[in-house]
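Asks: After the structure tokens below, expect a handful of questions from me.
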Amino acid sequence: MSPLLIGTIGIIALLFCFSIGMPMAFSMALVGFVGYSFMVSPSVGFSLLPRDIFDQLASYPLSVIPMFVMMGVYAYASGIGKKLYDAAYVILGRLSGGLAIASVVACTIFGAVCGSTSATTATVGKVALPEMKKRGYSDIFSTGTVATAGGLGIMIPPSTSFIVYGLLTQVSIGKLYIAGIIPGVIIAALFIGTIFIWCKVKPNAGPPGPSTTFKQKAKSLVGVIDALVLFLVTMGGLFAGWFTPTQAGAIGSVGAIIIGLVTRELSWKKFVDATVDGLRISCMIMLLIAGATVFSHFITRTTMPFELVDWVGSLTLSPTLIMIMVILFYFVLGTFLDAMACIVLVIPIIYPLVTKLGYDLIWFGVIITLLSMIAVVSPPDGVNVYVVKGIARDVPIDRIFRGTIPYLIPFVAATAIFIAFPQICTFLAQLISY
Amino acid sequence: MSIDEGMARLEKINTAISLWFERIAIVAILCMILATMVDVIGSNLPGNLKWPLPAGTEIVYLLQLVAMAGALAISKIDGRHVRIELIDKLRQPALGIIHALVAILGLALFVLLTWKSFEYAQALSAAKDVTTTAKIPIYPFAIWQGICCVPMVMILVREFITSILETRKR
């Protein structure tokens, strides 16, 4: 049997395991192990399995994942998100759809201290959704906006998506982080534009709130200081080359705890709950990576990634067209798979192709993260939608999904902008050396 | 004792064991953060006061293994591991049969991983494998990985039996 055929059977087996509901990490490890054993020898496969898992769980470069996950959960427990939303609410609340705009702004700034979409959505959603309901916002508009804007958590640094992508492709995490800033701000601006248009077409969707005085606005800005300091210390130190990503994450975690203690928001119970939550999230991501490592050893053995590169190289299509096809493929896959699972499964296979086509891996990292933002709100596995559902229990899940549909327009616009002007994603990264 | 009662008791035992492993994992992850902080602060102290944590990198990655392996079982109980929920709307007995298949596949993986982790530990011990700077033996951490897979095996055994029992429901 040819290696390519074995690889194809392996991928079919993997999709079968996914479809019957087997955890993705377990599926990848099992299929990878069986496939590798079949191709090389059972004894080599037997030794590969525990070693791969051990090497990943005990990998120092991967320690950046738990560190930034912990930073995010502590920032959430310390009430930083609530203060950010309050500030954005006071400043923008009087506009049509102002509370929705405030949610986007709060998600953008909270995304600067938290690398997870679900934590960002939960943080802002808990304060924004009840307020929007009170002000007569339509539930489709409010829930769809919060679910979508929560995705900014993975575009604005720190971001778990960038970490995992960087580790899989050997691209500097610091460069990926800084590369995400401008695209993140552009996407947030496009979301705000969508809110404006939505409220123009349907004014009842987001009626304006009460206006506030200049003094109130100025006072509310104090709430932004915590997040700003935390961002400047961690990301500033990382971009300046003072800390490694792992160290920046640890400093961010301790910084978030200190903020929580100083503001008396962080109780012992909240601290323990946040630690447990962060630990379980980290374990889930690390196990996904460990499973993907076993699987990618098998796939590399089948020579599939190289065959793919050769095959695409033999086509007479332009690199842009191929890239658009790759993006469409990833987009479709992202609607079925979890965003993180999508990255660990697909990136090792397609990144040699991206390099061969002459695309910058930092630019591609931004595109993949953008597609992950879509994946977290697309059915059936849109994690952000489920987070919003957990907060707005009275809103049917299909209405939340419907509320995210108009945001496909800014997503498509952002993708087109970044394809047409890749420098937007790469020029900041060229400024730092780390 | 009926089989349902037996399964309920097994679930209780599994949860209790997994929570104990998680407590160890919590201590490890907090120590990771602390060790990294000590290392950063120590490295940036002026002149003679400079004191980066000796073997800081090794301490961090070994603690990470303790934390992540320790949280394996509780994450499974908590339903944290990402999966597609396409089949969840099926009716019995089809749902129970598929759940049983998923459990048996997972069980096969973790039985293998448990067994082979201990063998890996043995190989590391025989080769006297240690970390580069602090010369910390690595094999106890491979043993820990194997030990942490045991509750996973127990959880998957319970899931398998429960899934089979589910098929009786209409």
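To be explicit about the labels: the chains of the structure tokens are called A, B, and onward in the order shown, and within each one the residues are counted from 1, while ligands get numbers from 1 in the order they are shown.
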Based on only C-alpha atoms, which of the residues in chain A come within 6 Å of chain B? I want them as a list in words.
Replies: Gly21, Met22, Pro23, Met24, Pro50, Leu57, Ala58, Ser59, Tyr60, Ala250, Arg280, Cys283 and Met284 of chain A
Asks: Could you write those residues out with N, CA and C atoms, as a JSON list (two decimals), in the first residue's frame?
Replies:
[["chain", "number", "residue", "atom", "x", "y", "z"],
["A", 21, "GLY", "N", -17.97, 11.52, 17.85],
["A", 21, "GLY", "CA", -17.91, 12.28, 19.10],
["A", 21, "GLY", "C", -16.74, 11.94, 20.00],
["A", 22, "MET", "N", -15.73, 11.31, 19.47],
["A", 22, "MET", "CA", -14.53, 11.03, 20.28],
["A", 22, "MET", "C", -13.76, 12.34, 20.46],
["A", 23, "PRO", "N", -13.28, 12.63, 21.67],
["A", 23, "PRO", "CA", -12.51, 13.87, 21.83],
["A", 23, "PRO", "C", -11.40, 13.96, 20.77],
["A", 24, "MET", "N", -11.22, 15.19, 20.22],
["A", 24, "MET", "CA", -10.31, 15.33, 19.09],
["A", 24, "MET", "C", -8.87, 14.97, 19.44],
["A", 50, "PRO", "N", 3.98, 7.26, 24.13],
["A", 50, "PRO", "CA", 4.24, 7.90, 25.44],
["A", 50, "PRO", "C", 5.28, 9.01, 25.33],
["A", 57, "LEU", "N", 3.92, 17.58, 26.90],
["A", 57, "LEU", "CA", 3.48, 18.06, 28.22],
["A", 57, "LEU", "C", 4.66, 18.66, 29.00],
["A", 58, "ALA", "N", 5.88, 18.21, 28.67],
["A", 58, "ALA", "CA", 7.05, 18.73, 29.36],
["A", 58, "ALA", "C", 7.87, 19.63, 28.43],
["A", 59, "SER", "N", 7.17, 20.36, 27.57],
["A", 59, "SER", "CA", 7.91, 21.22, 26.63],
["A", 59, "SER", "C", 7.96, 22.65, 27.17],
["A", 60, "TYR", "N", 9.16, 23.18, 27.30],
["A", 60, "TYR", "CA", 9.27, 24.56, 27.82],
["A", 60, "TYR", "C", 8.62, 25.58, 26.88],
["A", 250, "ALA", "N", 3.68, 34.85, 32.78],
["A", 250, "ALA", "CA", 3.74, 34.74, 34.24],
["A", 250, "ALA", "C", 3.58, 36.11, 34.88],
["A", 280, "ARG", "N", -7.74, 23.60, 33.67],
["A", 280, "ARG", "CA", -8.48, 22.67, 32.80],
["A", 280, "ARG", "C", -8.42, 23.12, 31.33],
["A", 283, "CYS", "N", -4.97, 22.28, 30.07],
["A", 283, "CYS", "CA", -4.83, 20.83, 29.87],
["A", 283, "CYS", "C", -5.48, 20.43, 28.56],
["A", 284, "MET", "N", -6.64, 21.01, 28.28],
["A", 284, "MET", "CA", -7.35, 20.68, 27.03],
["A", 284, "MET", "C", -6.49, 21.07, 25.82]]
Asks: Tell me, counting only C-alpha atoms, for each residue of range 163-254 of chain A within 8 Å of range 132-137 of chain A, which pair of atoms is nearest and how far apart they are in Å to one decimal, in rows ordered by chain and increasing number, as a Markdown table.
Replies:
| residue | atom | partner | partner_atom | distance |
| --- | --- | --- | --- | --- |
| A:Asn204 | CA | A:Tyr137 | CA | 7.1 |
| A:Ala205 | CA | A:Tyr137 | CA | 5.2 |
| A:Gly206 | CA | A:Tyr137 | CA | 4.7 |
| A:Pro207 | CA | A:Tyr137 | CA | 6.6 |
| A:Gly209 | CA | A:Arg135 | CA | 7.1 |
Asks: Take the residues from that selection and put them in a file with C-alpha atoms, as a CSV table (one decimal), in the first residue's frame.
Replies:
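And here's part11.csv as it stands now:
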chain,number,residue,atom,x,y,z
A,204,ASN,CA,-35.4,49.5,17.1
A,205,ALA,CA,-32.5,47.0,17.3
A,206,GLY,CA,-30.4,49.3,19.4
A,207,PRO,CA,-32.1,52.5,20.7
A,209,GLY,CA,-29.1,55.4,25.8
Asks: Report the residues of range 63-154 of chain B whose backbone DSSP state falls under alpha helix (DSSP H), written as an MDAnalysis selection string.
Replies: chainID B and resid 63:70 72:77 94:126 139:154
Asks: Applying 10 Å and only C-alpha atoms, which residues near Gly7 in chain A remain after dropping the ones on its own chain fewer than 5 positions away? List them as number ranges by chain.
Replies: A: 2, 12-13, 32, 35-36, 39, 298-304
Asks: I want to know what sits within 7 Å of range 100-117 of chain A, based on only C-alpha atoms, with residues of the same chain fewer than 2 positions away left out; could you give that as number ranges by chain?
Replies: A: 68-69, 71-72, 75, 81, 84-85, 88-89, 92-93, 97-98, 119-121, 124, 128, 142, 145-146, 149-154, 156-160, 188, 192, 227, 230-231, 384
Asks: CA of Ala290 in chain A and CA of Gln56 in chain A, how far apart in Å?
Replies: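 So the two atoms, CA of Gln56 in chain A and CA of Ala290 in chain A, lie 5.5 Å apart.
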Asks: Rank B:Val157, B:Leu90, B:Ala55, B:Glu5 by their smallest atom-to-atom distance to Lys135 in chain B, using only C-alpha atoms, and report the top residue only.
Replies: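 Smallest separation from Lys135 in chain B among the options: B:Ala55.
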Asks: May I have the residues within 8 Å of Pro54 in chain B as a PyMOL selection string, using only C-alpha atoms and disregarding those fewer than 2 positions away in the same chain?
Replies: chain B and resi 52+56+134
Asks: I'd like the contact shell of Val344 in chain A - 10 Å cut-off, only C-alpha atoms, skipping same-chain residues fewer than 4 positions apart - returned as a ChimeraX atom specification.
Replies: /A:25,28,161,164-165,167-168,285,288-293,295-296,339-340,348-349
Asks: Please list as a PDB file with N, CA, C and O atoms, in the first residue's frame every residue within 9 Å of Ile155 in chain B, counting only C-alpha atoms and excluding residues in the same chain fewer than 2 positions away.
Replies:
ATOM      1  N   LEU B  10     -18.585   3.892  41.360  1.00  0.00           N
ATOM      2  CA  LEU B  10     -17.337   4.030  40.585  1.00  0.00           C
ATOM      3  C   LEU B  10     -17.141   5.486  40.142  1.00  0.00           C
ATOM      4  O   LEU B  10     -16.021   6.018  40.189  1.00  0.00           O
ATOM      5  N   GLU B  11     -18.236   6.122  39.778  1.00  0.00           N
ATOM      6  CA  GLU B  11     -18.157   7.526  39.355  1.00  0.00           C
ATOM      7  C   GLU B  11     -17.678   8.406  40.517  1.00  0.00           C
ATOM      8  O   GLU B  11     -16.839   9.293  40.345  1.00  0.00           O
ATOM      9  N   ASN B  14     -14.010   7.775  41.038  1.00  0.00           N
ATOM     10  CA  ASN B  14     -13.239   8.419  39.960  1.00  0.00           C
ATOM     11  C   ASN B  14     -13.122   9.922  40.189  1.00  0.00           C
ATOM     12  O   ASN B  14     -12.043  10.501  40.033  1.00  0.00           O
ATOM     13  N   THR B  15     -14.261  10.545  40.538  1.00  0.00           N
ATOM     14  CA  THR B  15     -14.250  11.995  40.748  1.00  0.00           C
ATOM     15  C   THR B  15     -13.330  12.356  41.916  1.00  0.00           C
ATOM     16  O   THR B  15     -12.546  13.310  41.826  1.00  0.00           O
ATOM     17  N   ALA B  73      -7.573  13.762  34.032  1.00  0.00           N
ATOM     18  CA  ALA B  73      -8.806  13.041  34.358  1.00  0.00           C
ATOM     19  C   ALA B  73      -9.948  13.990  34.694  1.00  0.00           C
ATOM     20  O   ALA B  73     -11.068  13.802  34.218  1.00  0.00           O
ATOM     21  N   LYS B  76     -11.506  15.497  31.743  1.00  0.00           N
ATOM     22  CA  LYS B  76     -12.392  14.544  31.040  1.00  0.00           C
ATOM     23  C   LYS B  76     -13.755  14.509  31.736  1.00  0.00           C
ATOM     24  O   LYS B  76     -14.801  14.598  31.075  1.00  0.00           O
ATOM     25  N   ILE B  77     -13.736  14.410  33.055  1.00  0.00           N
ATOM     26  CA  ILE B  77     -15.003  14.377  33.804  1.00  0.00           C
ATOM     27  C   ILE B  77     -15.794  15.662  33.560  1.00  0.00           C
ATOM     28  O   ILE B  77     -17.007  15.656  33.402  1.00  0.00           O
ATOM     29  N   LEU B 107     -10.443   3.980  25.690  1.00  0.00           N
ATOM     30  CA  LEU B 107      -9.884   3.042  26.674  1.00  0.00           C
ATOM     31  C   LEU B 107      -8.634   2.375  26.107  1.00  0.00           C
ATOM     32  O   LEU B 107      -7.612   2.286  26.792  1.00  0.00           O
ATOM     33  N   VAL B 150      -4.146   6.363  34.869  1.00  0.00           N
ATOM     34  CA  VAL B 150      -4.964   5.319  35.501  1.00  0.00           C
ATOM     35  C   VAL B 150      -6.404   5.797  35.754  1.00  0.00           C
ATOM     36  O   VAL B 150      -7.356   5.103  35.375  1.00  0.00           O
ATOM     37  N   PRO B 151      -6.605   6.985  36.368  1.00  0.00           N
ATOM     38  CA  PRO B 151      -8.000   7.423  36.530  1.00  0.00           C
ATOM     39  C   PRO B 151      -8.736   7.597  35.198  1.00  0.00           C
ATOM     40  O   PRO B 151      -9.945   7.364  35.129  1.00  0.00           O
ATOM     41  N   MET B 152      -7.982   7.967  34.142  1.00  0.00           N
ATOM     42  CA  MET B 152      -8.606   8.083  32.822  1.00  0.00           C
ATOM     43  C   MET B 152      -9.148   6.724  32.377  1.00  0.00           C
ATOM     44  O   MET B 152     -10.248   6.618  31.833  1.00  0.00           O
ATOM     45  N   VAL B 153      -8.339   5.678  32.635  1.00  0.00           N
ATOM     46  CA  VAL B 153      -8.764   4.325  32.273  1.00  0.00           C
ATOM     47  C   VAL B 153     -10.040   3.972  33.037  1.00  0.00           C
ATOM     48  O   VAL B 153     -11.015   3.465  32.468  1.00  0.00           O
ATOM     49  N   VAL B 157     -13.659   3.087  31.490  1.00  0.00           N
ATOM     50  CA  VAL B 157     -14.321   1.804  31.776  1.00  0.00           C
ATOM     51  C   VAL B 157     -15.756   2.073  32.217  1.00  0.00           C
ATOM     52  O   VAL B 157     -16.712   1.450  31.735  1.00  0.00           O
ATOM     53  N   ARG B 158     -15.906   3.059  33.114  1.00  0.00           N
ATOM     54  CA  ARG B 158     -17.261   3.393  33.595  1.00  0.00           C
ATOM     55  C   ARG B 158     -18.136   3.890  32.441  1.00  0.00           C
ATOM     56  O   ARG B 158     -19.291   3.491  32.303  1.00  0.00           O
ATOM     57  N   GLU B 159     -17.536   4.735  31.594  1.00  0.00           N
ATOM     58  CA  GLU B 159     -18.305   5.269  30.455  1.00  0.00           C
ATOM     59  C   GLU B 159     -18.743   4.142  29.517  1.00  0.00           C
ATOM     60  O   GLU B 159     -19.857   4.172  28.997  1.00  0.00           O
ATOM     61  N   PHE B 160     -17.868   3.173  29.333  1.00  0.00           N
ATOM     62  CA  PHE B 160     -18.198   2.055  28.449  1.00  0.00           C
ATOM     63  C   PHE B 160     -19.387   1.261  29.009  1.00  0.00           C
ATOM     64  O   PHE B 160     -20.364   1.020  28.299  1.00  0.00           O
TER      65      PHE B 160
END
